[in-house]
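Trainee: Just so it is clear, I am handing over input-v4.cif, which has mmCIF, C-alpha atoms.
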data_my_file
#
loop_
_atom_site.label_atom_id
_atom_site.label_comp_id
_atom_site.auth_asym_id
_atom_site.auth_seq_id
_atom_site.Cartn_x
_atom_site.Cartn_y
_atom_site.Cartn_z
CA MET A 1 -7.30 26.89 37.23
CA LYS A 2 -4.95 29.83 37.74
CA LEU A 3 -2.03 30.41 35.33
CA ARG A 4 0.28 30.03 38.33
CA GLU A 5 -0.92 26.45 38.72
CA VAL A 6 -0.69 25.82 34.96
CA LEU A 7 2.96 26.91 35.04
CA GLN A 8 3.78 24.55 37.89
CA LEU A 9 2.06 21.57 36.28
CA ILE A 10 3.88 21.94 32.96
CA ASP A 11 7.21 23.22 34.39
CA GLY A 12 6.55 26.21 32.15
CA LYS A 13 8.01 29.67 31.62
CA VAL A 14 6.27 33.00 31.08
CA LEU A 15 7.09 34.80 27.82
CA THR A 16 5.11 38.04 28.16
CA ARG A 17 5.72 40.95 30.51
CA ASN A 18 3.10 42.06 33.06
CA THR A 19 1.43 38.66 33.04
CA ASP A 20 -1.30 38.18 35.65
CA LEU A 21 -0.59 34.74 37.07
CA ASP A 22 -3.86 34.86 39.02
CA LEU A 23 -5.78 34.76 35.75
CA GLU A 24 -8.33 31.93 35.79
CA VAL A 25 -8.62 29.65 32.77
CA LYS A 26 -11.81 27.61 32.67
CA MET A 27 -10.94 24.90 30.15
CA GLY A 28 -8.29 23.84 27.68
CA CYS A 29 -7.96 23.29 23.92
CA GLY A 30 -5.01 21.89 21.97
CA ALA A 31 -4.93 22.87 18.29
CA ASP A 32 -2.61 23.88 15.47
CA LEU A 33 -5.43 24.72 13.09
CA MET A 34 -6.62 28.25 13.68
CA SER A 35 -10.11 27.57 12.30
CA ASP A 36 -10.45 24.77 14.86
CA VAL A 37 -9.47 27.21 17.60
CA LEU A 38 -12.24 29.54 16.44
CA ALA A 39 -14.82 26.75 16.14
CA PHE A 40 -14.10 24.59 19.18
CA THR A 41 -13.37 26.92 22.09
CA HIS A 42 -15.31 29.14 24.48
CA GLU A 43 -14.42 32.41 26.24
CA GLY A 44 -11.77 31.82 28.89
CA THR A 45 -10.15 28.80 27.22
CA LEU A 46 -6.42 28.08 27.61
CA LEU A 47 -4.97 27.35 24.17
CA MET A 48 -2.13 24.87 23.64
CA SER A 49 -0.49 25.29 20.23
CA GLY A 50 2.64 24.43 18.28
CA LEU A 51 2.16 27.41 15.97
CA THR A 52 4.00 30.55 16.98
CA ASN A 53 3.20 33.19 14.34
CA PRO A 54 1.34 36.40 15.30
CA GLN A 55 -1.90 35.01 13.83
CA VAL A 56 -2.16 32.68 16.83
CA VAL A 57 -2.48 35.76 19.03
CA ARG A 58 -5.01 37.34 16.62
CA THR A 59 -7.02 34.14 16.62
CA ALA A 60 -6.94 34.02 20.41
CA GLU A 61 -8.11 37.62 20.59
CA MET A 62 -11.11 36.89 18.34
CA ALA A 63 -12.04 33.79 20.32
CA GLY A 64 -11.77 35.51 23.71
CA ILE A 65 -8.76 33.38 24.70
CA GLN A 66 -6.59 35.13 27.31
CA ALA A 67 -3.64 32.73 27.55
CA ILE A 68 -1.65 30.52 25.16
CA VAL A 69 0.89 27.77 25.91
CA PHE A 70 3.42 27.04 23.15
CA VAL A 71 4.33 23.34 23.27
CA ARG A 72 7.40 21.28 22.26
CA GLY A 73 9.75 24.01 23.52
CA LYS A 74 8.77 26.33 20.69
CA ILE A 75 9.59 29.98 21.31
CA PRO A 76 7.53 32.54 19.37
CA PRO A 77 9.22 35.32 17.36
CA PRO A 78 9.41 38.82 18.95
CA GLU A 79 6.48 40.14 16.87
CA THR A 80 4.18 37.48 18.34
CA ILE A 81 5.21 38.41 21.88
CA ALA A 82 4.83 42.13 21.13
CA LEU A 83 1.32 41.66 19.75
CA ALA A 84 0.33 39.53 22.76
CA GLU A 85 1.59 42.19 25.18
CA GLU A 86 -0.38 44.84 23.27
CA LYS A 87 -3.55 42.72 23.43
CA GLY A 88 -3.05 41.66 27.05
CA ILE A 89 -2.81 37.96 26.19
CA ALA A 90 -0.49 35.82 28.33
CA LEU A 91 2.05 33.62 26.55
CA LEU A 92 3.60 30.60 28.26
CA ALA A 93 6.14 28.03 27.07
CA SER A 94 6.17 24.29 27.70
CA LYS A 95 9.02 21.93 26.78
CA TYR A 96 6.62 18.98 26.66
CA THR A 97 4.71 17.70 23.62
CA MET A 98 1.16 18.78 22.89
CA PHE A 99 -0.12 15.47 24.28
CA GLU A 100 1.84 15.65 27.50
CA THR A 101 1.17 19.36 28.10
CA CYS A 102 -2.58 18.83 27.66
CA GLY A 103 -2.47 15.57 29.62
CA ARG A 104 -0.77 17.13 32.65
CA LEU A 105 -3.40 19.88 32.81
CA TYR A 106 -6.38 17.58 32.18
CA LYS A 107 -5.17 15.17 34.85
CA ALA A 108 -4.95 18.06 37.31
CA GLY A 109 -8.58 18.95 36.65
CA LEU A 110 -8.61 21.44 33.76
CA PRO A 111 -11.62 20.30 31.69
CA SER A 112 -11.95 20.25 27.91
CA CYS A 113 -14.23 22.57 25.94
CA GLY A 114 -16.84 19.81 25.77
CA LEU A 115 -18.83 18.49 22.84
CA PHE A 116 -19.87 20.73 19.96
CA GLU A 117 -23.05 20.60 17.93
CA SER A 118 -21.07 20.72 14.66
CA SER A 119 -19.05 17.64 15.70
CA LEU A 120 -22.16 15.76 16.79
CA LYS A 121 -23.85 16.58 13.49
CA ARG A 122 -21.02 14.99 11.50
CA TRP A 123 -20.97 12.06 13.91
CA ARG A 124 -24.68 11.38 13.49
CA GLU A 125 -24.51 11.82 9.73
CA PHE A 126 -21.78 9.20 9.44
CA PHE A 127 -22.66 6.71 12.18
CA GLY A 128 -26.42 7.28 12.06
CA GLU A 129 -26.73 7.44 15.86
CA GLU A 130 -28.94 9.75 17.85
CA MET B 1 -44.17 32.81 20.75
CA SER B 2 -44.10 30.43 17.78
CA THR B 3 -42.93 26.84 18.10
CA PRO B 4 -39.62 27.22 16.22
CA SER B 5 -38.46 30.14 18.34
CA THR B 6 -39.45 28.33 21.56
CA PHE B 7 -37.34 25.43 20.41
CA GLN B 8 -34.42 27.76 19.61
CA GLU B 9 -34.81 29.35 23.02
CA ARG B 10 -34.70 26.00 24.78
CA LYS B 11 -31.71 24.84 22.76
CA ARG B 12 -29.85 28.02 23.72
CA GLU B 13 -30.58 27.51 27.41
CA VAL B 14 -29.38 23.91 27.27
CA THR B 15 -26.14 24.98 25.59
CA ARG B 16 -25.62 27.64 28.26
CA LEU B 17 -26.24 25.08 31.01
CA GLN B 18 -23.62 22.79 29.48
CA GLU B 19 -21.14 25.65 29.53
CA LEU B 20 -22.02 26.60 33.10
CA VAL B 21 -21.28 23.08 34.31
CA TYR B 22 -17.70 23.74 33.17
CA GLU B 23 -17.51 27.28 34.50
CA LEU B 24 -18.93 26.76 37.98
CA ARG B 25 -16.86 25.11 40.71
CA VAL B 26 -17.96 22.59 43.31
CA ARG B 27 -17.65 25.34 45.94
CA ASP B 28 -20.20 27.46 44.05
CA ALA B 29 -22.82 24.74 44.51
CA MET B 30 -21.96 22.98 47.79
CA THR B 31 -23.80 23.44 51.09
CA THR B 32 -21.70 24.94 53.84
CA PRO B 33 -21.16 24.75 56.78
CA VAL B 34 -21.57 20.99 56.97
CA ILE B 35 -23.55 19.30 59.69
CA THR B 36 -21.52 16.35 60.97
CA VAL B 37 -21.86 13.50 63.45
CA THR B 38 -19.20 11.46 65.29
CA PRO B 39 -18.67 7.69 65.22
CA GLN B 40 -20.02 7.59 68.78
CA THR B 41 -23.39 9.16 67.79
CA THR B 42 -26.17 6.54 68.03
CA MET B 43 -28.42 5.85 65.05
CA ALA B 44 -31.36 7.20 67.09
CA GLU B 45 -29.51 10.49 67.60
CA PHE B 46 -28.54 10.48 63.92
CA ARG B 47 -32.25 10.22 63.00
CA GLU B 48 -32.89 13.39 65.04
CA VAL B 49 -30.02 15.19 63.25
CA LEU B 50 -31.54 14.34 59.88
CA ARG B 51 -35.04 15.33 60.96
CA ALA B 52 -34.08 18.61 62.64
CA ASN B 53 -31.94 19.77 59.69
CA ARG B 54 -34.08 18.22 56.94
CA ILE B 55 -31.07 16.56 55.34
CA SER B 56 -30.44 13.06 54.02
CA GLY B 57 -26.89 12.33 55.16
CA THR B 58 -23.79 13.70 56.90
CA PRO B 59 -20.04 13.15 56.98
CA VAL B 60 -18.70 11.43 60.10
CA VAL B 61 -15.91 13.37 61.80
CA GLU B 62 -13.58 12.31 64.60
CA GLY B 63 -10.90 14.56 66.07
CA GLY B 64 -11.23 17.05 63.19
CA ARG B 65 -10.73 14.29 60.61
CA MET B 66 -13.41 12.86 58.31
CA VAL B 67 -13.63 9.10 58.85
CA GLY B 68 -16.81 8.19 56.95
CA ILE B 69 -20.21 9.13 55.62
CA ILE B 70 -23.66 8.07 56.77
CA SER B 71 -26.99 8.50 55.04
CA ILE B 72 -30.70 7.99 55.38
CA GLU B 73 -30.32 4.63 53.59
CA ASP B 74 -28.10 3.40 56.46
CA LEU B 75 -30.72 4.65 58.91
CA ILE B 76 -33.54 2.76 57.15
CA LYS B 77 -31.48 -0.45 57.23
CA ALA B 78 -30.80 0.05 60.95
CA LEU B 79 -34.52 0.71 61.59
CA ALA B 80 -35.50 -2.47 59.73
CA ALA B 81 -32.99 -4.47 61.75
CA GLY B 82 -34.09 -2.84 65.01
CA GLU B 83 -30.59 -1.46 65.58
CA LEU B 84 -31.31 2.15 66.51
CA GLY B 85 -28.99 1.75 69.50
CA ALA B 86 -26.03 0.97 67.23
CA THR B 87 -23.42 3.68 66.69
CA VAL B 88 -22.81 5.63 63.50
CA GLY B 89 -19.26 4.23 63.55
CA GLU B 90 -20.67 0.72 63.02
CA LYS B 91 -23.08 1.64 60.24
CA MET B 92 -21.22 4.31 58.27
CA THR B 93 -19.40 3.91 54.96
CA PRO B 94 -15.71 4.48 55.77
CA ARG B 95 -13.33 6.47 53.55
CA PRO B 96 -15.96 8.20 51.41
CA VAL B 97 -15.26 9.44 47.89
CA THR B 98 -14.74 13.21 48.07
CA LEU B 99 -14.72 16.20 45.74
CA TYR B 100 -12.30 19.12 45.82
CA ASP B 101 -13.89 22.55 46.29
CA ASP B 102 -12.03 23.99 43.26
CA GLU B 103 -12.99 21.21 40.85
CA PRO B 104 -15.30 22.13 37.96
CA LEU B 105 -18.89 21.12 38.64
CA VAL B 106 -18.76 18.84 35.60
CA HIS B 107 -16.52 16.45 37.58
CA ALA B 108 -19.18 16.21 40.28
CA VAL B 109 -21.86 15.49 37.66
CA GLY B 110 -19.63 12.70 36.33
CA LYS B 111 -19.11 11.17 39.80
CA PHE B 112 -22.81 11.25 40.64
CA ALA B 113 -23.54 9.46 37.38
CA SER B 114 -20.75 6.87 37.56
CA LEU B 115 -20.78 6.03 41.30
CA GLY B 116 -24.48 6.40 42.06
CA TYR B 117 -23.91 7.97 45.51
CA GLY B 118 -26.42 10.49 46.84
CA ARG B 119 -23.87 12.94 48.27
CA PHE B 120 -20.17 13.77 48.30
CA PRO B 121 -18.23 15.50 51.10
CA VAL B 122 -16.22 18.42 49.72
CA ILE B 123 -12.65 19.03 50.91
CA ASN B 124 -10.14 21.74 50.07
CA ARG B 125 -6.63 21.01 48.81
CA GLN B 126 -5.39 20.95 52.43
CA GLY B 127 -7.82 18.10 53.15
CA ASP B 128 -10.20 20.05 55.42
CA LEU B 129 -13.90 19.26 55.15
CA VAL B 130 -15.49 22.45 53.80
CA GLY B 131 -18.92 21.41 52.49
CA ILE B 132 -21.23 18.74 51.13
CA LEU B 133 -22.80 18.34 47.71
CA VAL B 134 -26.05 16.57 46.79
CA GLN B 135 -27.44 16.40 43.24
CA GLY B 136 -30.08 19.02 43.98
CA ASP B 137 -27.33 21.52 44.86
CA ILE B 138 -26.04 21.33 41.28
CA VAL B 139 -29.41 22.17 39.76
CA ARG B 140 -29.91 25.00 42.25
CA ALA B 141 -26.48 26.53 41.50
CA LEU B 142 -27.07 26.36 37.74
CA LEU B 143 -30.49 28.01 38.01
CA HIS B 144 -29.09 30.71 40.28
CA GLN B 145 -26.27 31.48 37.85
CA LEU B 146 -28.69 31.62 34.91
CA GLU B 147 -30.78 34.12 36.85
CA VAL B 148 -27.74 36.30 37.65
CA GLU B 149 -26.70 36.26 34.00
CA TYR B 150 -30.21 37.12 32.93
CA HIS B 151 -30.01 40.35 34.96
CA GLU B 152 -26.56 41.19 33.57
CA GLU B 153 -27.93 40.63 30.12
CA GLU B 154 -30.79 43.06 30.75
CA ILE B 155 -28.27 45.76 31.69
CA ARG B 156 -26.17 45.03 28.58
CA ARG B 157 -29.19 45.29 26.34
CA TYR B 158 -30.12 48.57 27.95
CA ARG B 159 -26.66 49.99 27.28
CA ALA B 160 -26.58 48.70 23.71
CA SER B 161 -29.97 50.16 22.91
CA HIS B 162 -29.15 53.42 24.68
CA ILE B 163 -27.03 54.91 21.93
CA PHE B 164 -29.87 54.31 19.51
CA GLU B 165 -32.34 55.97 21.88
CA ASP B 166 -30.16 59.06 22.23
CA ILE B 167 -29.95 59.58 18.50
CA LEU B 168 -33.17 61.10 17.26
CA ALA B 169 -34.24 59.53 13.99
CA ASP B 170 -36.86 57.10 12.76
CA GLN B 171 -34.19 54.58 11.98
CA VAL B 172 -30.53 54.52 13.04
CA THR B 173 -27.78 52.39 11.55
CA LEU B 174 -24.12 52.69 12.53
CA ARG B 175 -21.71 51.81 9.76
CA PHE B 176 -18.06 50.84 10.27
CA ARG B 177 -15.70 50.34 7.37
CA TYR B 178 -12.27 48.69 7.43
CA GLN B 179 -9.73 48.30 4.60
CA VAL B 180 -8.11 44.88 4.29
CA PRO B 181 -4.82 44.77 2.32
CA GLY B 182 -4.30 41.57 0.31
CA GLY B 183 -1.33 39.31 1.02
CA ASP B 184 -0.30 41.22 4.16
CA PHE B 185 -0.17 38.39 6.68
CA GLU B 186 1.57 40.57 9.24
CA ARG B 187 -1.45 42.84 9.66
CA ALA B 188 -4.13 40.26 8.86
CA GLY B 189 -6.80 40.34 11.54
CA ASP B 190 -6.31 43.98 12.40
CA ALA B 191 -9.66 45.02 10.88
CA SER B 192 -11.55 42.32 12.79
CA SER B 193 -9.70 43.27 15.95
CA ARG B 194 -10.81 46.91 15.66
CA LEU B 195 -14.36 45.86 14.79
CA LYS B 196 -14.49 43.59 17.84
CA LYS B 197 -13.38 46.41 20.14
CA THR B 198 -15.92 48.80 18.64
CA LEU B 199 -18.82 46.39 19.08
CA SER B 200 -17.79 45.74 22.68
CA ARG B 201 -17.79 49.47 23.37
CA LEU B 202 -21.31 49.72 21.99
CA GLY B 203 -22.29 47.40 24.83
CA ILE B 204 -23.26 44.51 22.57
CA HIS B 205 -23.40 41.16 24.40
CA PRO B 206 -19.94 39.47 24.50
CA ARG B 207 -21.31 36.29 22.91
CA ILE B 208 -22.68 38.24 19.96
CA VAL B 209 -19.41 40.17 19.68
CA ARG B 210 -17.48 36.87 19.67
CA ARG B 211 -19.61 35.46 16.87
CA VAL B 212 -19.29 38.59 14.73
CA ALA B 213 -15.53 38.69 15.41
CA ILE B 214 -14.99 35.06 14.39
CA ALA B 215 -17.03 35.49 11.19
CA ALA B 216 -15.24 38.77 10.37
CA TYR B 217 -11.81 37.27 11.07
CA GLU B 218 -12.35 34.21 8.86
CA ALA B 219 -13.65 36.52 6.10
CA GLU B 220 -10.70 38.85 6.55
CA MET B 221 -8.24 35.93 6.33
CA ASN B 222 -9.90 34.86 3.06
CA ILE B 223 -9.41 38.35 1.63
CA VAL B 224 -5.77 38.38 2.77
CA ILE B 225 -5.01 34.87 1.47
CA TYR B 226 -6.82 34.86 -1.86
CA THR B 227 -7.23 38.44 -3.10
CA ASP B 228 -5.37 41.70 -3.72
CA GLY B 229 -7.41 43.36 -1.01
CA GLY B 230 -10.93 44.32 -0.06
CA GLU B 231 -12.95 45.67 2.80
CA LEU B 232 -15.03 44.71 5.79
CA ILE B 233 -18.18 46.70 6.42
CA ALA B 234 -20.29 46.26 9.54
CA GLU B 235 -23.68 47.89 9.93
CA VAL B 236 -25.24 47.86 13.37
CA ASP B 237 -28.86 48.70 14.12
CA PRO B 238 -30.95 47.94 17.21
CA GLU B 239 -31.84 44.47 15.88
CA LYS B 240 -28.74 43.10 14.20
CA VAL B 241 -25.17 43.29 12.96
CA TYR B 242 -24.96 43.10 9.17
CA LEU B 243 -21.44 42.26 8.04
CA GLN B 244 -20.13 42.41 4.50
CA ALA B 245 -16.75 41.26 3.21
CA VAL B 246 -16.15 42.52 -0.30
CA ASP B 247 -13.23 42.11 -2.69
CA ASP B 248 -12.68 42.50 -6.44
CA GLY B 249 -11.03 39.30 -7.48
CA PRO B 250 -10.26 36.55 -8.36
CA GLY B 251 -13.70 35.08 -7.46
CA ILE B 252 -14.81 31.58 -6.45
CA PRO B 253 -15.50 29.18 -9.37
CA ASP B 254 -17.68 26.73 -7.40
CA ILE B 255 -19.35 28.18 -4.31
CA GLN B 256 -21.00 24.92 -3.28
CA LYS B 257 -17.62 23.20 -3.32
CA ALA B 258 -16.02 26.08 -1.39
CA MET B 259 -18.65 25.71 1.34
CA GLU B 260 -17.79 22.02 1.91
CA PRO B 261 -15.89 21.53 5.19
CA GLY B 262 -12.30 20.59 4.39
CA PHE B 263 -12.30 21.82 0.78
CA SER B 264 -9.45 24.27 0.24
CA THR B 265 -7.36 25.74 -2.53
CA ALA B 266 -4.93 27.39 -0.12
CA PRO B 267 -1.21 27.24 -0.95
CA GLU B 268 1.19 25.39 1.33
CA TRP B 269 2.60 28.52 3.02
CA VAL B 270 -0.89 29.49 4.17
CA ARG B 271 -1.45 26.01 5.63
CA GLU B 272 1.83 26.24 7.49
CA MET B 273 0.45 29.30 9.25
CA GLY B 274 -2.50 27.32 10.57
CA PHE B 275 -5.02 28.48 7.98
CA GLY B 276 -6.39 27.19 4.68
CA ALA B 277 -7.82 23.95 6.07
CA GLY B 278 -11.12 24.54 4.32
CA MET B 279 -12.97 25.42 7.51
CA GLY B 280 -13.26 29.20 7.06
CA LEU B 281 -16.60 29.41 5.23
CA PRO B 282 -18.20 26.59 7.28
CA ASN B 283 -17.04 28.39 10.44
CA ILE B 284 -18.62 31.64 9.23
CA GLN B 285 -21.85 29.80 8.52
CA ASN B 286 -21.83 28.32 12.03
CA CYS B 287 -21.56 31.79 13.57
CA ALA B 288 -24.13 33.43 11.30
CA ASP B 289 -27.90 33.60 11.63
CA GLU B 290 -28.04 34.32 7.90
CA MET B 291 -25.30 34.07 5.28
CA ARG B 292 -25.13 34.83 1.57
CA LEU B 293 -22.15 34.35 -0.70
CA GLU B 294 -22.00 35.71 -4.24
CA SER B 295 -18.99 35.46 -6.48
CA THR B 296 -18.09 35.94 -10.12
CA VAL B 297 -14.75 34.67 -11.41
CA GLY B 298 -12.57 37.59 -12.46
CA VAL B 299 -14.92 40.15 -10.90
CA GLY B 300 -15.02 39.59 -7.16
CA THR B 301 -16.71 38.11 -4.12
CA ARG B 302 -19.30 39.49 -1.72
CA LEU B 303 -20.01 37.73 1.55
CA GLU B 304 -22.96 38.88 3.65
CA VAL B 305 -23.57 37.76 7.22
CA VAL B 306 -26.41 38.71 9.55
CA ILE B 307 -26.21 38.10 13.29
CA TYR B 308 -29.22 39.09 15.38
CA LEU B 309 -28.57 40.83 18.69
CA ASP B 310 -31.22 38.80 20.52
CA SER B 311 -29.63 35.46 19.57
CA GLY B 312 -27.17 35.91 22.45
CA GLY B 313 -26.83 32.56 24.22
CA ARG B 314 -25.88 30.58 21.15
CA PRO B 315 -22.14 30.00 20.70
CA CYS B 316 -20.75 29.46 17.19
CA GLY B 317 -21.88 26.11 15.94
CA GLY B 318 -24.09 25.62 19.03
#
Could the structure of this file be written out as structure tokens, please?

Mentor:
Amino acid sequence: MKLREVLQLIDGKVLTRNTDLDLEVKMGCGADLMSDVLAFTHEGTLLMSGLTNPQVVRTAEMAGIQAIVFVRGKIPPPETIALAEEKGIALLASKYTMFETCGRLYKAGLPSCGLFESSLKRWREFFGEE
Amino acid sequence: MSTPSTFQERKREVTRLQELVYELRVRDAMTTPVITVTPQTTMAEFREVLRANRISGTPVVEGGRMVGIISIEDLIKALAAGELGATVGEKMTPRPVTLYDDEPLVHAVGKFASLGYGRFPVINRQGDLVGILVQGDIVRALLHQLEVEYHEEEIRRYRASHIFEDILADQVTLRFRYQVPGGDFERAGDASSRLKKTLSRLGIHPRIVRRVAIAAYEAEMNIVIYTDGGELIAEVDPEKVYLQAVDDGPGIPDIQKAMEPGFSTAPEWVREMGFGAGMGLPNIQNCADEMRLESTVGVGTRLEVVIYLDSGGRPCGG
């Protein structure tokens, strides 16, 4: 899904300059815990987050995430935007909640990051299923 | 090849296939152009269409609009009933379930599984019929993509090994050192960022770079959050990346406890920034092929991580 389409679906705004709206995101992840972002995403994921500090951009950079949507109408501070522009990471804003922002995109066909071995391991350990 | 490594290899391929199902689109797998019939085509003519093109079904199109789908199963029923003179219009399934050409392939996999149909016509967002997808197309597209990536990977490996070939020595190790100031949240992650860029420039496979970067970043955050400062050291040789995160205080009293997912001693302000949820060390372990953690209270902590360059396909925690 192109960022252009993402913007339309969430009635969003672009926060960074020189943003390539033809950028393709392959899947989506909603998280406020940065360790979860690192553990449960793949390259090319679109991140939805309610956190706006510069570490969100750092985390995205490490995880190979090229675009972030800030939910609940949160606007990041200037240092976050500056770091994102330096790293070439697109920042978008959504006035909707995390659930609705993710839901609009999922409904329109943006898939999730799938199941992870670490999650399945915990699942099997607790529920004893194969 | 020994049994454990064959198993690892297979596991890696399966993980990659799962990812590819998300990355590839229906249009990457579909057959195009589509062979079609009209409602006026007889079942006898339809049999010839199937035979001549060696296919098992076609969409039914009238006046540029898709009105149904007909398959070899419909033909067999018509044969059994002696109705080869009947028209496709009488025997087809009207209003077939379709796929969009820009949908991820995983949606198609889901529809095949849940609906049990043998084929889906593919339309674009304007509603034009642009292709057809059978289950075999999915497998073929995945295998093709794996093959393409295999070649790209060969080139990457060549580039990565090249620098080592150009340097004349019995053994070459590149060593990169980064200072990490303690408590400086503003610049936290800068060392890992520079390390990531450096490894990419060396031509190391992006998946390996991502794993090293995630491990380095979690380690760097730990130094920033809990210590007065330390350093990240990465040593790269033709086989592996050996990463060390070293600091001189305050140390971890109970390493086993610290390794438990969810255990954290982080202060509230760190949690508010999205860190300190007790997932850092487990995350590092997920990314690492080997990991060692040594710590003495009041003296310092040394974290060692090894990631092998030929363990490419595995994502963190995969």

Trainee: Residues of chain B within 10 Å of chain A, using only C-alpha atoms, as an mmCIF file with C-alpha atoms, in the coordinates of the input?

Mentor:
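The result, written out as out_28.cif:
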data_model
loop_
_atom_site.group_PDB
_atom_site.id
_atom_site.type_symbol
_atom_site.label_atom_id
_atom_site.label_comp_id
_atom_site.auth_asym_id
_atom_site.auth_seq_id
_atom_site.Cartn_x
_atom_site.Cartn_y
_atom_site.Cartn_z
ATOM 1 C CA THR B 15 -26.140 24.980 25.590
ATOM 2 C CA GLN B 18 -23.620 22.790 29.480
ATOM 3 C CA GLU B 19 -21.140 25.650 29.530
ATOM 4 C CA TYR B 22 -17.700 23.740 33.170
ATOM 5 C CA GLU B 23 -17.510 27.280 34.500
ATOM 6 C CA LEU B 24 -18.930 26.760 37.980
ATOM 7 C CA ARG B 25 -16.860 25.110 40.710
ATOM 8 C CA TYR B 100 -12.300 19.120 45.820
ATOM 9 C CA ASP B 102 -12.030 23.990 43.260
ATOM 10 C CA GLU B 103 -12.990 21.210 40.850
ATOM 11 C CA PRO B 104 -15.300 22.130 37.960
ATOM 12 C CA VAL B 106 -18.760 18.840 35.600
ATOM 13 C CA HIS B 107 -16.520 16.450 37.580
ATOM 14 C CA PHE B 185 -0.170 38.390 6.680
ATOM 15 C CA GLU B 186 1.570 40.570 9.240
ATOM 16 C CA ARG B 187 -1.450 42.840 9.660
ATOM 17 C CA ALA B 188 -4.130 40.260 8.860
ATOM 18 C CA GLY B 189 -6.800 40.340 11.540
ATOM 19 C CA ASP B 190 -6.310 43.980 12.400
ATOM 20 C CA SER B 192 -11.550 42.320 12.790
ATOM 21 C CA SER B 193 -9.700 43.270 15.950
ATOM 22 C CA LYS B 196 -14.490 43.590 17.840
ATOM 23 C CA LYS B 197 -13.380 46.410 20.140
ATOM 24 C CA PRO B 206 -19.940 39.470 24.500
ATOM 25 C CA ARG B 207 -21.310 36.290 22.910
ATOM 26 C CA VAL B 209 -19.410 40.170 19.680
ATOM 27 C CA ARG B 210 -17.480 36.870 19.670
ATOM 28 C CA ARG B 211 -19.610 35.460 16.870
ATOM 29 C CA VAL B 212 -19.290 38.590 14.730
ATOM 30 C CA ALA B 213 -15.530 38.690 15.410
ATOM 31 C CA ILE B 214 -14.990 35.060 14.390
ATOM 32 C CA ALA B 215 -17.030 35.490 11.190
ATOM 33 C CA ALA B 216 -15.240 38.770 10.370
ATOM 34 C CA TYR B 217 -11.810 37.270 11.070
ATOM 35 C CA GLU B 218 -12.350 34.210 8.860
ATOM 36 C CA MET B 221 -8.240 35.930 6.330
ATOM 37 C CA ARG B 271 -1.450 26.010 5.630
ATOM 38 C CA GLU B 272 1.830 26.240 7.490
ATOM 39 C CA MET B 273 0.450 29.300 9.250
ATOM 40 C CA GLY B 274 -2.500 27.320 10.570
ATOM 41 C CA PHE B 275 -5.020 28.480 7.980
ATOM 42 C CA GLY B 276 -6.390 27.190 4.680
ATOM 43 C CA ALA B 277 -7.820 23.950 6.070
ATOM 44 C CA GLY B 278 -11.120 24.540 4.320
ATOM 45 C CA MET B 279 -12.970 25.420 7.510
ATOM 46 C CA GLY B 280 -13.260 29.200 7.060
ATOM 47 C CA LEU B 281 -16.600 29.410 5.230
ATOM 48 C CA PRO B 282 -18.200 26.590 7.280
ATOM 49 C CA ASN B 283 -17.040 28.390 10.440
ATOM 50 C CA ILE B 284 -18.620 31.640 9.230
ATOM 51 C CA ASN B 286 -21.830 28.320 12.030
ATOM 52 C CA CYS B 287 -21.560 31.790 13.570
ATOM 53 C CA PRO B 315 -22.140 30.000 20.700
ATOM 54 C CA CYS B 316 -20.750 29.460 17.190
ATOM 55 C CA GLY B 317 -21.880 26.110 15.940
ATOM 56 C CA GLY B 318 -24.090 25.620 19.030
#

Trainee: Please write the residues picked by the PyMOL selection byres ((chain B and resi 108-119) around 10) on this file as a ChimeraX atom specification.

Mentor: /B:21,25-26,56-59,69-73,96-100,103-107,120-122,132-138

Trainee: What is the distance, in Å and to one decimal place, between CA of Ser200 in chain B and CA of Ile233 in chain B?

Mentor: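 It comes out at 16.3 Å.
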
Trainee: I need the output of the PyMOL selection byres ((chain B and resi 290) around 9) for this file as a ChimeraX atom specification; which residues are they?

Mentor: /B:285,287-289,291-292,304-308

Trainee: Calculated over all atoms listed in the file, which of the candidates A:Ala82, A:Cys102, A:Leu120, A:Ala60 has the smallest distance to Leu15 in chain A?

Mentor: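 Of all the options, A:Ala82 lies closest to Leu15 in chain A.
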
Trainee: To verify the selection step, state as a PDB file with C-alpha atoms, keeping the file's coordinate frame which residues the PyMOL selection byres ((chain B and resi 43-55) around 8) yields on this input.

Mentor:
ATOM      1  CA  VAL B  37     -21.860  13.500  63.450  1.00  0.00           C
ATOM      2  CA  THR B  41     -23.390   9.160  67.790  1.00  0.00           C
ATOM      3  CA  THR B  42     -26.170   6.540  68.030  1.00  0.00           C
ATOM      4  CA  SER B  56     -30.440  13.060  54.020  1.00  0.00           C
ATOM      5  CA  GLY B  57     -26.890  12.330  55.160  1.00  0.00           C
ATOM      6  CA  THR B  58     -23.790  13.700  56.900  1.00  0.00           C
ATOM      7  CA  ILE B  72     -30.700   7.990  55.380  1.00  0.00           C
ATOM      8  CA  LEU B  75     -30.720   4.650  58.910  1.00  0.00           C
ATOM      9  CA  ALA B  78     -30.800   0.050  60.950  1.00  0.00           C
ATOM     10  CA  GLU B  83     -30.590  -1.460  65.580  1.00  0.00           C
ATOM     11  CA  LEU B  84     -31.310   2.150  66.510  1.00  0.00           C
ATOM     12  CA  GLY B  85     -28.990   1.750  69.500  1.00  0.00           C
ATOM     13  CA  ALA B  86     -26.030   0.970  67.230  1.00  0.00           C
ATOM     14  CA  THR B  87     -23.420   3.680  66.690  1.00  0.00           C
ATOM     15  CA  VAL B  88     -22.810   5.630  63.500  1.00  0.00           C
TER      16      VAL B  88
END
